[in-house]
Structure formats: C-alpha cells, structure tokens
file query-v6.txt (compact mmCIF, C-alpha atoms)
# COMPACT_ATOMS: atom_id res chain seq x y z
CA MET A 1 48.13 25.64 44.49
CA THR A 2 50.20 22.45 44.29
CA ILE A 3 52.27 20.73 46.91
CA THR A 4 55.93 21.75 46.90
CA THR A 5 59.13 20.15 48.11
CA ASP A 6 60.99 23.45 47.77
CA ASP A 7 62.79 24.31 51.03
CA ALA A 8 62.54 28.05 50.40
CA ILE A 9 60.23 30.00 52.67
CA PRO A 10 57.83 32.19 50.62
CA ALA A 11 58.54 35.91 50.77
CA THR A 12 54.94 36.49 51.88
CA ALA A 13 55.15 34.08 54.85
CA SER A 14 54.57 35.32 58.37
CA ASP A 15 57.34 34.68 60.88
CA THR A 16 54.96 34.12 63.78
CA VAL A 17 51.45 32.84 64.42
CA GLU A 18 48.95 33.40 67.20
CA PHE A 19 45.87 31.24 67.72
CA ILE A 20 42.31 32.38 68.40
CA SER A 21 39.35 30.38 69.61
CA LEU A 22 35.76 31.25 70.40
CA THR A 23 34.53 30.87 73.97
CA HIS A 24 31.34 28.84 74.43
CA LEU A 25 29.03 29.38 77.37
CA ASN A 26 27.45 25.94 77.70
CA SER A 27 27.66 22.43 76.24
CA SER A 28 25.19 23.01 73.39
CA THR A 29 26.77 22.40 69.97
CA GLU A 30 25.70 22.10 66.35
CA LEU A 31 26.21 18.34 66.72
CA ASN A 32 24.17 18.07 69.90
CA PRO A 33 22.01 21.15 70.44
CA VAL A 34 20.78 21.68 73.98
CA PRO A 35 17.63 23.81 74.41
CA THR A 36 19.20 26.48 76.58
CA ARG A 37 20.71 29.93 76.12
CA GLU A 38 21.93 30.20 79.69
CA ILE A 39 25.51 30.44 80.90
CA ASP A 40 26.73 27.19 82.45
CA LEU A 41 29.31 28.76 84.75
CA PRO A 42 31.30 25.55 85.53
CA PHE A 43 31.43 24.78 81.78
CA PHE A 44 32.46 28.36 80.97
CA ARG A 45 35.29 28.22 83.52
CA LYS A 46 36.40 24.86 82.17
CA TYR A 47 36.37 26.13 78.60
CA VAL A 48 38.48 29.19 79.36
CA ARG A 49 40.94 27.04 81.30
CA ALA A 50 41.16 24.61 78.37
CA LEU A 51 42.11 27.48 76.06
CA GLU A 52 44.72 28.73 78.51
CA ASP A 53 46.19 25.25 79.01
CA GLY A 54 46.03 24.52 75.27
CA GLY A 55 48.25 27.43 74.33
CA TYR A 56 45.71 29.66 72.60
CA ASP A 57 46.52 33.36 72.53
CA TYR A 58 43.08 34.95 72.08
CA THR A 59 39.41 34.11 72.41
CA LEU A 60 36.56 35.83 70.60
CA LEU A 61 33.44 36.80 72.57
CA PRO A 62 30.77 36.98 69.86
CA TYR A 63 27.82 39.34 69.80
CA GLY A 64 24.24 39.06 68.54
CA SER A 65 20.90 40.59 69.42
CA ALA A 66 20.01 37.57 71.59
CA THR A 67 23.43 36.60 72.95
CA ALA A 68 25.17 37.24 76.22
CA ASP A 69 26.93 40.61 76.41
CA SER A 70 30.44 40.43 74.96
CA PHE A 71 31.91 43.10 77.28
CA VAL A 72 30.83 41.29 80.43
CA LEU A 73 32.06 37.96 79.06
CA ALA A 74 35.41 39.49 78.10
CA ALA A 75 35.88 40.81 81.63
CA ALA A 76 35.10 37.35 83.00
CA VAL A 77 37.59 35.70 80.62
CA GLY A 78 40.20 38.21 81.70
CA GLN A 79 39.77 37.25 85.34
CA LEU A 80 39.57 33.50 84.67
CA SER A 81 42.81 33.45 82.67
CA ASP A 82 46.32 34.81 83.01
CA ARG A 83 47.37 35.03 79.37
CA ILE A 84 44.38 34.74 77.01
CA ARG A 85 43.50 38.01 75.26
CA PRO A 86 39.71 38.54 75.09
CA ILE A 87 38.40 39.93 71.78
CA VAL A 88 35.20 41.94 72.28
CA ALA A 89 32.87 41.71 69.27
CA LEU A 90 31.21 45.13 69.12
CA ARG A 91 28.46 46.55 66.92
CA PRO A 92 28.70 50.35 66.75
CA ASN A 93 24.91 50.75 66.93
CA THR A 94 24.85 49.25 70.43
CA THR A 95 27.36 51.47 72.24
CA HIS A 96 28.36 55.11 71.77
CA PRO A 97 32.04 55.27 70.74
CA LEU A 98 33.11 57.28 73.78
CA VAL A 99 31.39 54.81 76.08
CA ALA A 100 32.93 51.91 74.15
CA ALA A 101 36.36 53.51 74.50
CA GLN A 102 35.80 53.78 78.25
CA LYS A 103 34.61 50.16 78.58
CA LEU A 104 37.47 48.80 76.46
CA ALA A 105 40.09 50.83 78.34
CA THR A 106 38.65 49.50 81.62
CA LEU A 107 38.91 45.94 80.30
CA ASP A 108 42.45 46.65 79.11
CA GLN A 109 43.52 47.83 82.55
CA LEU A 110 41.79 44.92 84.31
CA THR A 111 43.63 42.46 82.05
CA GLU A 112 46.93 44.38 82.01
CA GLY A 113 46.91 45.13 78.30
CA ARG A 114 45.11 42.10 76.87
CA ALA A 115 41.98 43.75 75.40
CA VAL A 116 41.19 43.59 71.67
CA VAL A 117 38.05 44.81 69.87
CA HIS A 118 36.47 43.42 66.70
CA ILE A 119 34.14 45.91 65.00
CA ILE A 120 31.05 44.37 63.36
CA SER A 121 29.36 46.80 60.99
CA GLY A 122 26.48 44.36 60.42
CA GLY A 123 25.90 41.98 57.50
CA SER A 124 22.13 41.55 57.91
CA ASP A 125 19.56 44.34 57.79
CA ALA A 126 17.08 42.16 59.73
CA GLU A 127 19.52 41.47 62.56
CA GLN A 128 20.48 45.14 62.82
CA ALA A 129 16.81 46.12 62.97
CA ARG A 130 16.32 43.94 66.05
CA HIS A 131 18.29 46.55 67.97
CA GLY A 132 16.70 49.48 66.16
CA ASP A 133 19.46 50.06 63.59
CA TYR A 134 17.99 50.97 60.19
CA LEU A 135 21.04 52.36 58.42
CA THR A 136 21.99 50.96 55.03
CA LYS A 137 25.04 48.74 54.72
CA GLU A 138 27.02 51.60 53.18
CA GLN A 139 26.03 53.88 56.06
CA ARG A 140 26.95 51.23 58.63
CA TYR A 141 30.49 50.99 57.27
CA ALA A 142 30.78 54.77 57.13
CA ARG A 143 29.71 54.82 60.78
CA SER A 144 32.33 52.17 61.61
CA SER A 145 35.01 54.32 60.01
CA GLU A 146 34.06 57.32 62.15
CA TYR A 147 33.75 55.03 65.19
CA ILE A 148 37.30 53.70 64.83
CA ASP A 149 38.68 57.23 64.59
CA LEU A 150 36.84 58.24 67.75
CA LEU A 151 37.99 55.18 69.72
CA ARG A 152 41.60 55.98 68.97
CA GLN A 153 41.21 59.69 69.67
CA ALA A 154 39.48 58.98 72.98
CA TRP A 155 42.37 56.76 74.04
CA ARG A 156 45.19 59.09 73.05
CA ALA A 157 43.80 62.59 73.63
CA THR A 158 45.48 64.46 76.44
CA GLU A 159 43.13 67.47 76.20
CA PRO A 160 39.35 67.80 75.77
CA PHE A 161 38.10 67.79 72.17
CA ASP A 162 34.89 68.41 70.21
CA HIS A 163 33.52 66.39 67.31
CA ASP A 164 30.87 67.10 64.69
CA GLY A 165 30.73 64.16 62.28
CA GLU A 166 28.21 62.35 60.11
CA PHE A 167 27.03 60.04 62.91
CA TYR A 168 28.35 61.48 66.19
CA ARG A 169 28.47 64.91 67.73
CA PHE A 170 29.74 65.99 71.17
CA GLU A 171 31.60 68.78 72.93
CA ASP A 172 34.44 69.02 75.41
CA PHE A 173 35.13 65.31 75.85
CA GLY A 174 38.30 64.10 77.44
CA PRO A 175 40.78 63.17 78.32
CA GLY A 176 39.13 59.76 78.44
CA PHE A 177 39.92 56.79 80.65
CA PRO A 178 43.38 55.53 79.61
CA THR A 179 44.29 52.15 78.19
CA TYR A 180 46.88 49.97 79.93
CA GLY A 181 49.38 50.46 77.11
CA PRO A 182 49.51 52.93 74.20
CA THR A 183 46.33 51.64 72.51
CA ILE A 184 44.03 48.64 71.93
CA PRO A 185 44.15 46.64 68.67
CA ILE A 186 41.09 47.14 66.45
CA SER A 187 39.95 44.38 64.12
CA ILE A 188 37.48 44.49 61.27
CA GLY A 189 36.44 41.79 58.83
CA GLY A 190 34.30 41.03 55.82
CA SER A 191 34.36 40.57 52.08
CA SER A 192 32.40 43.58 50.83
CA ASP A 193 34.01 46.55 49.13
CA GLN A 194 33.12 48.67 52.14
CA SER A 195 34.83 46.32 54.60
CA PHE A 196 38.02 46.38 52.52
CA ASP A 197 37.99 50.16 52.27
CA VAL A 198 37.55 50.72 56.01
CA GLY A 199 39.62 47.78 57.23
CA GLY A 200 42.49 48.27 54.80
CA ALA A 201 42.78 51.95 55.65
CA LYS A 202 42.21 51.86 59.41
CA ALA A 203 42.19 48.42 61.09
CA ASP A 204 45.08 46.84 62.97
CA ILE A 205 43.70 43.40 62.04
CA PHE A 206 41.68 42.27 59.03
CA SER A 207 39.63 39.10 59.43
CA PHE A 208 38.68 36.53 56.76
CA TRP A 209 36.73 33.31 56.80
CA GLY A 210 38.56 30.30 55.38
CA GLU A 211 38.67 30.36 51.59
CA PRO A 212 40.70 28.50 48.93
CA LEU A 213 44.32 29.55 48.91
CA ALA A 214 44.27 31.29 45.53
CA ASP A 215 41.21 33.31 46.48
CA ILE A 216 42.41 34.38 49.90
CA ARG A 217 45.80 35.32 48.43
CA SER A 218 44.08 37.87 46.21
CA GLN A 219 42.01 39.11 49.15
CA ILE A 220 45.13 39.66 51.26
CA GLU A 221 46.82 41.49 48.39
CA ARG A 222 43.77 43.73 48.09
CA VAL A 223 43.89 44.64 51.79
CA HIS A 224 47.60 45.40 51.53
CA GLY A 225 47.01 47.54 48.44
CA ILE A 226 44.34 49.63 50.17
CA ALA A 227 46.58 50.07 53.20
CA ALA A 228 49.42 51.29 50.99
CA ALA A 229 47.12 53.67 49.09
CA ALA A 230 45.99 55.11 52.43
CA GLY A 231 49.62 55.95 53.22
CA ARG A 232 50.00 53.39 55.98
CA THR A 233 53.51 52.34 56.90
CA THR A 234 52.28 49.12 58.52
CA ARG A 235 49.88 46.57 57.08
CA PRO A 236 46.89 45.12 58.93
CA ARG A 237 47.58 41.73 60.47
CA ILE A 238 45.68 38.95 58.70
CA TRP A 239 43.25 36.71 60.62
CA VAL A 240 41.74 33.58 59.02
CA THR A 241 39.10 31.28 60.53
CA PHE A 242 38.48 27.54 60.10
CA ARG A 243 36.45 24.71 61.64
CA PRO A 244 38.93 21.77 61.70
CA ILE A 245 37.78 18.13 61.82
CA ILE A 246 40.67 15.87 62.85
CA ASP A 247 41.26 12.20 63.59
CA ARG A 248 44.11 9.69 63.75
CA THR A 249 44.09 8.88 60.02
CA GLU A 250 42.89 10.64 56.89
CA ASP A 251 40.13 8.05 56.38
CA LEU A 252 38.87 8.41 59.95
CA ALA A 253 38.90 12.20 59.68
CA TRP A 254 36.83 12.14 56.48
CA GLU A 255 34.42 9.59 57.95
CA LYS A 256 33.95 11.90 60.92
CA ALA A 257 33.50 14.89 58.61
CA HIS A 258 30.69 13.22 56.66
CA ARG A 259 29.03 12.10 59.87
CA TYR A 260 29.31 15.59 61.31
CA VAL A 261 27.86 17.35 58.27
CA ASP A 262 24.68 15.29 58.41
CA GLN A 263 24.20 16.26 62.07
CA ILE A 264 25.03 19.90 61.38
CA ALA A 265 22.54 20.04 58.50
CA ALA A 266 19.79 18.54 60.66
CA THR A 267 20.44 21.12 63.38
CA PHE A 268 20.35 23.95 60.85
CA GLU A 269 17.11 22.73 59.27
CA LYS A 270 15.47 22.53 62.69
CA SER A 271 16.59 26.09 63.42
CA VAL A 272 15.12 27.30 60.13
CA ARG A 273 11.78 25.62 60.85
CA SER A 274 11.57 27.05 64.37
CA SER A 275 12.59 30.59 63.38
CA LYS A 276 9.82 33.17 63.14
CA LYS A 277 11.59 34.67 60.16
CA ARG A 278 13.04 32.32 57.57
CA PHE A 279 16.82 32.75 57.35
CA GLY A 280 17.49 29.95 54.85
CA GLY A 281 17.42 32.22 51.78
CA GLU A 282 20.37 33.84 50.09
CA PRO A 283 22.46 35.51 52.82
CA GLN A 284 22.92 39.26 52.58
CA ASN A 285 26.59 39.43 53.57
CA VAL A 286 29.23 38.96 50.90
CA GLY A 287 31.36 36.57 52.99
CA SER A 288 28.53 34.02 53.16
CA GLN A 289 27.76 34.51 49.49
CA ARG A 290 31.38 33.76 48.64
CA ALA A 291 31.43 30.67 50.86
CA LEU A 292 28.33 29.29 49.12
CA GLU A 293 29.83 30.01 45.70
CA PHE A 294 32.97 28.07 46.65
CA ALA A 295 30.74 25.20 47.79
CA ARG A 296 28.92 25.22 44.45
CA ARG A 297 32.22 25.22 42.57
CA GLY A 298 33.76 22.34 44.51
CA GLU A 299 33.73 20.41 47.75
CA ILE A 300 37.46 20.02 48.48
CA TYR A 301 40.13 22.63 47.85
CA ASP A 302 43.88 22.57 48.28
CA ARG A 303 45.29 20.41 51.06
CA ALA A 304 42.30 20.12 53.40
CA LEU A 305 39.65 22.82 52.87
CA TRP A 306 36.13 21.36 52.82
CA THR A 307 33.09 23.46 51.87
CA ARG A 308 30.20 21.06 52.49
CA THR A 309 29.87 22.34 56.06
CA ALA A 310 29.25 25.82 54.64
CA ALA A 311 26.65 24.50 52.20
CA ALA A 312 24.89 22.59 55.00
CA THR A 313 24.44 25.75 57.10
CA ASN A 314 23.81 28.27 54.33
CA ALA A 315 27.24 29.70 55.28
CA ALA A 316 25.80 31.09 58.50
CA GLY A 317 29.01 32.36 60.07
CA ALA A 318 32.48 30.91 59.75
CA SER A 319 31.78 27.41 58.46
CA THR A 320 34.49 26.10 56.13
CA ALA A 321 36.37 23.11 57.55
CA LEU A 322 39.91 21.75 57.42
CA VAL A 323 39.78 17.94 57.37
CA GLY A 324 42.53 15.40 58.02
CA THR A 325 45.03 14.19 60.56
CA PRO A 326 46.47 16.77 62.96
CA GLU A 327 49.57 16.81 60.74
CA THR A 328 47.55 17.52 57.59
CA VAL A 329 45.49 20.25 59.26
CA ALA A 330 48.64 21.82 60.73
CA ALA A 331 50.24 21.77 57.27
CA ALA A 332 47.12 23.39 55.81
CA ILE A 333 47.29 26.14 58.44
CA VAL A 334 50.93 26.74 57.49
CA ASP A 335 49.81 27.10 53.84
CA TYR A 336 47.81 30.15 54.96
CA ILE A 337 50.67 31.42 57.11
CA ASP A 338 52.77 31.26 53.94
CA LEU A 339 50.35 33.73 52.35
CA GLY A 340 50.76 36.19 55.22
CA ALA A 341 48.21 35.13 57.86
CA ASP A 342 49.58 35.40 61.39
CA LEU A 343 46.33 35.08 63.37
CA VAL A 344 44.54 31.75 62.95
CA SER A 345 41.15 31.09 64.49
CA ILE A 346 40.16 27.44 64.90
CA ARG A 347 37.03 26.18 66.59
CA GLY A 348 35.40 22.83 66.30
CA TYR A 349 31.96 21.25 66.22
CA ASP A 350 32.54 19.22 69.40
CA THR A 351 33.49 22.51 70.96
CA LEU A 352 35.29 21.77 74.23
CA ASN A 353 36.84 18.45 73.20
CA ASP A 354 38.00 19.91 69.90
CA ALA A 355 39.57 22.91 71.63
CA ILE A 356 41.52 20.50 73.86
CA ASP A 357 42.56 18.31 70.92
CA TYR A 358 43.73 21.25 68.81
CA GLY A 359 45.83 22.45 71.73
CA ARG A 360 47.42 19.03 72.14
CA TYR A 361 47.87 17.96 68.54
CA VAL A 362 47.66 20.87 66.08
CA LEU A 363 49.05 24.04 67.66
CA PRO A 364 52.38 22.43 68.64
CA LEU A 365 52.97 21.17 65.09
CA VAL A 366 52.43 24.61 63.58
CA ARG A 367 54.71 26.22 66.15
CA GLN A 368 57.38 23.56 65.63
CA GLU A 369 57.38 24.31 61.91
CA LEU A 370 57.81 28.04 62.49
CA ALA A 371 60.52 27.40 65.08
CA HIS A 372 62.37 25.24 62.52
CA ARG A 373 62.11 28.05 59.98
CA ALA A 374 63.42 30.60 62.45
CA ALA A 375 66.37 28.37 63.33
CA THR A 376 67.32 27.21 59.82
CA GLY A 377 65.89 29.71 57.36
CA THR A 378 64.19 26.86 55.46
CA ARG A 379 60.92 24.95 55.55
CA GLY A 380 60.56 21.87 57.69
CA ARG A 381 58.99 18.64 56.43
CA LEU A 382 55.45 19.26 57.69
CA GLN A 383 53.95 20.39 54.39
CA ALA A 384 55.87 18.01 52.14
CA ASP A 385 55.11 14.94 54.26
CA ASN A 386 51.39 15.59 54.74
CA PRO A 387 49.79 16.29 51.34
CA GLY A 388 46.19 15.58 52.39
CA ALA A 389 43.87 16.20 49.45
CA PHE A 390 46.87 17.10 47.29
CA ALA A 391 47.71 13.38 47.21
CA SER A 392 44.36 12.39 45.70
CA GLN A 393 44.54 15.35 43.31
CA ALA A 394 47.96 14.13 42.15
CA VAL A 395 46.60 10.61 41.63
CA ALA A 396 43.61 11.94 39.71
CA SER A 397 45.90 14.06 37.54
CA GLY A 398 48.08 11.04 36.84
CA VAL A 399 45.09 8.92 35.85
CA ALA A 400 43.80 11.67 33.58
CA ALA A 401 47.23 12.02 31.97
CA GLY A 402 47.31 8.25 31.36
CA VAL A 403 43.87 8.35 29.75
CA ARG A 404 44.90 11.23 27.50
CA SER A 405 48.04 9.42 26.41
call {"tool": "encode", "arguments": {"input": "query-v6.txt", "output": "structure tokens"}}
result
Amino acid sequence: MTITTDDAIPATASDTVEFISLTHLNSSTELNPVPTREIDLPFFRKYVRALEDGGYDYTLLPYGSATADSFVLAAAVGQLSDRIRPIVALRPNTTHPLVAAQKLATLDQLTEGRAVVHIISGGSDAEQARHGDYLTKEQRYARSSEYIDLLRQAWRATEPFDHDGEFYRFEDFGPGFPTYGPTIPISIGGSSDQSFDVGGAKADIFSFWGEPLADIRSQIERVHGIAAAAGRTTRPRIWVTFRPIIDRTEDLAWEKAHRYVDQIAATFEKSVRSSKKRFGGEPQNVGSQRALEFARRGEIYDRALWTRTAAATNAAGASTALVGTPETVAAAIVDYIDLGADLVSIRGYDTLNDAIDYGRYVLPLVRQELAHRAATGTRGRLQADNPGAFASQAVASGVAAGVRS
C-alpha cells in the first residue's frame, strides 16, 4: 500500500469505529514484571476507570489455565463502569454451553445489555491439556461451532428443547435465563482454516491480530466470502489488535520502541527459562506462525506496523506494534478502518499509562477523522499529513530510482 492524497473514501471503509482495550489486574507489565499473580483491587478499579474516562467502548477479560476467571472479572467491570462493554474470553471446554448461556445472560442483565463473548477454541494442545481437554484442533473448532449454536438457541428458545449433537447431549432444557436484549454478540478469531470456516459462517465478530495491510485485506475478504457462501445477509464485524508505541515525535517514538523491545525480549527469555515446559519453540497456532513469518520478511510495514515486538516474544499473543506520533498511529488505525475494520483493540506495554495516553491523544484523532468523513463525504487530512514509515519508503524509492538512472 502507498500513501494517497485522494479525497475519496474507499468503498470498503467502515463508517464507525469502536475501541477495545484489555483490562489488567495489577501493575506488572512486560517492561517491568512484578512477581505476583494477585488482583490489586485499587489498581484494577483505577484501570477500569481510565478506560471509561478515556472513551473506550469495550474491554477484553482474557482467559488462561492460570489466570483469574473472566466471568467474575467481567461482572466486576460491569459494576465499576457505566458504559464499558466487558468481553468474556471463554473456552468451550471449561463451561457447558447451557451454563455459559446462563452466566452470560446474567452478566448481560447486570450490565443492561453490555455483555459480549469471545470464543477461544484453543491454539495450543499443551494449554488445553492443563484443563483436561485432549481434543484435536479440528475437533475443538467443531465443538465451538456446536457451542455457538447452543448459546443462541438457549437465549432465544421460548419452549423446552432437546439436543443430541457430536459434543453435547441433553433433554428438555429451557426456556433459559433471558438476555437483556435480543441476544449477545459472539466473537471468534484466528488464522486457521477452521477458524475462518466457523467464524465466517456463525460469528457476529471476527478477530485478527495486526498484520500488514495487504495481508489483512485478503483475510477480511476471505471472511466475507465464507459469510456469503453460508447465506448470511450480514457480515461479521472485523476486529483488529495492535500494541501502539507513541511519543511526541517520530524519532522519540522509534527510540522508545527499540528500548521497549529489549526489555520485552529480556522478560520473555526469563519466562522461558523459568517455565517447566519450554514454550520458545515454533508456536502451534497459525496466527503466531503468520506473525513470525511477517517478522522474518520485514521489520516495518506500511505506515507504522512494526514486527520486532512479535519476534522478541515468539509471537506469544497479540504482539505487533504501531509506532509513531499519536497522529501517525491514528492514521495507521484509519488505514485498517478503510479496509473494513470497525473494532480496534489497542493496548500498550506501559499498560495503564498507555491506556490513558491513547484515550487522550489517539482515539480523538481517529474519531475526528470519521466525523469529518460523515460530514463531508471525503477524507480529512490525517492520513495525507502523517505518512510515518511511508515517508522513508518514498525517500528510499527515490534514491533507488536515482541510482538506477
């Protein structure tokens, strides 16, 4: 992709954007790890309030075999905020679908319609086995497909029903506990064929990690194609995730980025050494494999995408960065909105301070650009005036052209 001064808004562009963060439970970060896994309640309250004050729309409550429970955390977020929508990360092996439907509907009523669920089929056999789940990856996605159907049926059924499926069997269930509104949005993510098949056909939201623009464009088109083939009249909303690193100037932002990556790499290496099972080998999930391949191919993509953070952590989770001034990072986010993303997750490495800074300096710029588009029918100046890495690419291209001539 090259920078454009064209005022026309792309046909694929989303009209709106909503922002997601991830709620942290204590002050430990990848930059400054603290040897604790406990909830620091004052910090937790402060973090949720920072998201609310910063204008975020959602927060993800992650789930792992050794983490705090995402349902309980989501309920707490709901009571500590007035507007933030808690996203419950849920692994089907941990909770029967009818019980999950009940818990999510309860959360939805407590928060007056703010509940969202993100289904995690499981990208690591070893992690799944820690909770006694020994299904293959293909079986896990097949289970997720059945699970999604049962969640929706439990929420909408007005009469008792039976079910005899591949993974679940029961008789005379229902009607279940109702949601606050008609239903609860269901998200799924991943880069494997199975994730596309299930998410494209059934999810309300499809989640990606940050990838180069050309690559994620093809991924979005694939999701839309599967949705159309499944006979859907609406497409899944597109969610993309980044780890922005911002500062007052481009040079300061890149200096910070290189300083951060050394600290992040040291933290990761220490975690590998202390782990009973080595997790520094080739990751099993396709999303991490793709992130590492992008890092091998190049370090900087498009306007601001930086892959060295993924390489430094073996792509353990969402790890690609956007680097630059707030204006450059906002412009880069709009590049993805132009491809059809309308849910953007951003979380930093200095977790609380970054969440505050994004709310002050990045979110307003993105929303101003979309407000300008809505009012005028044309692009604003944000993307044209803040080329980021495009500027150095243009210089390099000019030098190469001069050499060739």
call {"tool": "closest_residue", "arguments": {"input": "query-v6.txt", "among": "A:Thr36, A:Thr325, A:Thr234, A:Ser27", "to": "Tyr358 of chain A", "atoms": "all atoms listed in the file"}}
result
A:Thr325
call {"tool": "closest_atom_pairs", "arguments": {"input": "query-v6.txt", "of": "segment 272-390 of chain A", "to": "segment 112-123 of chain A", "cutoff": "12 Å", "atoms": "only C-alpha atoms", "output": "tab-separated table"}}
result
residue	atom	partner	partner_atom	distance
A:Pro283	CA	A:Gly123	CA	8.7
A:Gln284	CA	A:Gly123	CA	6.4
A:Asn285	CA	A:Gly123	CA	4.7
A:Val286	CA	A:Gly123	CA	8.0
A:Gly287	CA	A:Gly123	CA	8.9
A:Ser288	CA	A:Gly123	CA	9.4
A:Gln289	CA	A:Gly123	CA	11.1
A:Ala316	CA	A:Gly123	CA	10.9
A:Gly317	CA	A:Gly123	CA	10.4
call {"tool": "closest_residue", "arguments": {"input": "query-v6.txt", "among": "A:Ala389, A:Ala230, A:Ala75, A:Val223", "to": "Gln109 of chain A", "atoms": "all atoms listed in the file"}}
result
A:Ala75
call {"tool": "residues_around", "arguments": {"input": "query-v6.txt", "residues": "Arg83 of chain A", "least_positions_apart": "4", "cutoff": "10 Å", "atoms": "only C-alpha atoms", "output": "ChimeraX atom specification"}}
result
/A:51-53,55-58,77-79,111-112,114
call {"tool": "atom_distance", "arguments": {"input": "query-v6.txt", "atom1": "atom CA of Asp247 of chain A", "atom2": "atom CA of Ala321 of chain A"}}
result
13.4 Å
call {"tool": "residues_near_point", "arguments": {"input": "query-v6.txt", "point": "(33.5, 39.7, 76.7)", "cutoff": "8 Å", "atoms": "all atoms listed in the file", "output": "PyMOL selection string"}}
result
chain A and resi 60-62+69-77+86-89
call {"tool": "closest_residue", "arguments": {"input": "query-v6.txt", "among": "A:Ala142, A:Val99, A:Ile220, A:Ile245", "to": "Asn353 of chain A", "atoms": "only C-alpha atoms"}}
result
A:Ile245
call {"tool": "atom_distance", "arguments": {"input": "query-v6.txt", "atom1": "atom CA of Ala157 of chain A", "atom2": "atom CA of Ser144 of chain A"}}
result
19.6 Å
call {"tool": "residues_near_point", "arguments": {"input": "query-v6.txt", "point": "(25.4, 47.6, 70.1)", "cutoff": "9 Å", "atoms": "all atoms listed in the file", "output": "PyMOL selection string"}}
result
chain A and resi 63-65+90-96+131
call {"tool": "axis_aligned_box", "arguments": {"input": "query-v6.txt", "around": "segment 296-310 of chain A", "padding_each_side": "6 Å", "output": "JSON"}}
result
{"center_x": 37.1, "center_y": 22.9, "center_z": 49.3, "size_x": 28.4, "size_y": 17.8, "size_z": 25.5}
call {"tool": "residues_around", "arguments": {"input": "query-v6.txt", "residues": "Ser145 of chain A", "least_positions_apart": "5", "cutoff": "10 Å", "atoms": "only C-alpha atoms", "output": "mmCIF file with C-alpha atoms, keeping the file's coordinate frame"}}
result
data_model
loop_
_atom_site.group_PDB
_atom_site.id
_atom_site.type_symbol
_atom_site.label_atom_id
_atom_site.label_comp_id
_atom_site.auth_asym_id
_atom_site.auth_seq_id
_atom_site.Cartn_x
_atom_site.Cartn_y
_atom_site.Cartn_z
ATOM 1 C CA ILE A 119 34.140 45.910 65.000
ATOM 2 C CA SER A 121 29.360 46.800 60.990
ATOM 3 C CA GLN A 139 26.030 53.880 56.060
ATOM 4 C CA ARG A 140 26.950 51.230 58.630
ATOM 5 C CA LEU A 150 36.840 58.240 67.750
ATOM 6 C CA GLN A 194 33.120 48.670 52.140
ATOM 7 C CA SER A 195 34.830 46.320 54.600
ATOM 8 C CA ASP A 197 37.990 50.160 52.270
ATOM 9 C CA VAL A 198 37.550 50.720 56.010
ATOM 10 C CA GLY A 199 39.620 47.780 57.230
ATOM 11 C CA ALA A 201 42.780 51.950 55.650
ATOM 12 C CA LYS A 202 42.210 51.860 59.410
ATOM 13 C CA ALA A 203 42.190 48.420 61.090
#
call {"tool": "residues_around", "arguments": {"input": "query-v6.txt", "residues": "Val344 of chain A", "least_positions_apart": "5", "cutoff": "6 Å", "atoms": "only C-alpha atoms", "output": "ChimeraX atom specification"}}
result
/A:19-20,239-241
call {"tool": "residues_around", "arguments": {"input": "query-v6.txt", "residues": "Ile205 of chain A", "least_positions_apart": "2", "cutoff": "6 Å", "atoms": "only C-alpha atoms", "output": "PyMOL selection string"}}
result
chain A and resi 187+203+236-238
call {"tool": "closest_residue", "arguments": {"input": "query-v6.txt", "among": "A:Leu25, A:Ala318, A:Ile148, A:Leu352", "to": "Phe44 of chain A", "atoms": "all atoms listed in the file"}}
result
A:Leu25
call {"tool": "closest_residue", "arguments": {"input": "query-v6.txt", "among": "A:Leu365, A:Ile264, A:Leu104, A:Ile226", "to": "Asn32 of chain A", "atoms": "all atoms listed in the file"}}
result
A:Ile264
call {"tool": "decode", "arguments": {"input": "query-v6.txt", "residues": "segment 149-153 of chain A", "atoms": "all heavy atoms", "output": "short mmCIF file (atom, residue, chain, number, x, y, z; two decimals), in the first residue's frame"}}
result
data_model
loop_
_atom_site.label_atom_id
_atom_site.label_comp_id
_atom_site.auth_asym_id
_atom_site.auth_seq_id
_atom_site.Cartn_x
_atom_site.Cartn_y
_atom_site.Cartn_z
N ASP A 149 -24.08 -22.45 18.34
CA ASP A 149 -25.49 -22.73 18.04
C ASP A 149 -26.30 -22.89 19.31
O ASP A 149 -27.44 -22.38 19.42
CB ASP A 149 -25.60 -24.00 17.20
CG ASP A 149 -25.07 -23.82 15.79
OD1 ASP A 149 -24.94 -22.66 15.34
OD2 ASP A 149 -24.76 -24.85 15.15
N LEU A 150 -25.73 -23.57 20.29
CA LEU A 150 -26.46 -23.82 21.53
C LEU A 150 -26.61 -22.56 22.38
O LEU A 150 -27.64 -22.36 23.02
CB LEU A 150 -25.78 -24.93 22.33
CG LEU A 150 -25.92 -26.33 21.73
CD1 LEU A 150 -25.07 -27.34 22.50
CD2 LEU A 150 -27.38 -26.77 21.71
N LEU A 151 -25.58 -21.69 22.39
CA LEU A 151 -25.73 -20.41 23.09
C LEU A 151 -26.92 -19.64 22.55
O LEU A 151 -27.79 -19.19 23.30
CB LEU A 151 -24.45 -19.57 22.92
CG LEU A 151 -23.21 -19.97 23.71
CD1 LEU A 151 -22.06 -19.04 23.36
CD2 LEU A 151 -23.47 -19.94 25.21
N ARG A 152 -26.97 -19.52 21.25
CA ARG A 152 -28.04 -18.72 20.64
C ARG A 152 -29.40 -19.37 20.86
O ARG A 152 -30.40 -18.67 21.13
CB ARG A 152 -27.75 -18.53 19.14
CG ARG A 152 -26.56 -17.63 18.88
CD ARG A 152 -26.59 -17.07 17.48
NE ARG A 152 -25.56 -16.08 17.29
CZ ARG A 152 -24.50 -16.24 16.48
NH1 ARG A 152 -24.37 -17.36 15.78
NH2 ARG A 152 -23.60 -15.29 16.36
N GLN A 153 -29.46 -20.69 20.76
CA GLN A 153 -30.75 -21.35 20.96
C GLN A 153 -31.21 -21.21 22.41
O GLN A 153 -32.40 -21.00 22.69
CB GLN A 153 -30.67 -22.82 20.56
CG GLN A 153 -32.04 -23.50 20.50
CD GLN A 153 -31.99 -24.86 19.85
OE1 GLN A 153 -30.92 -25.36 19.49
NE2 GLN A 153 -33.14 -25.50 19.70
#
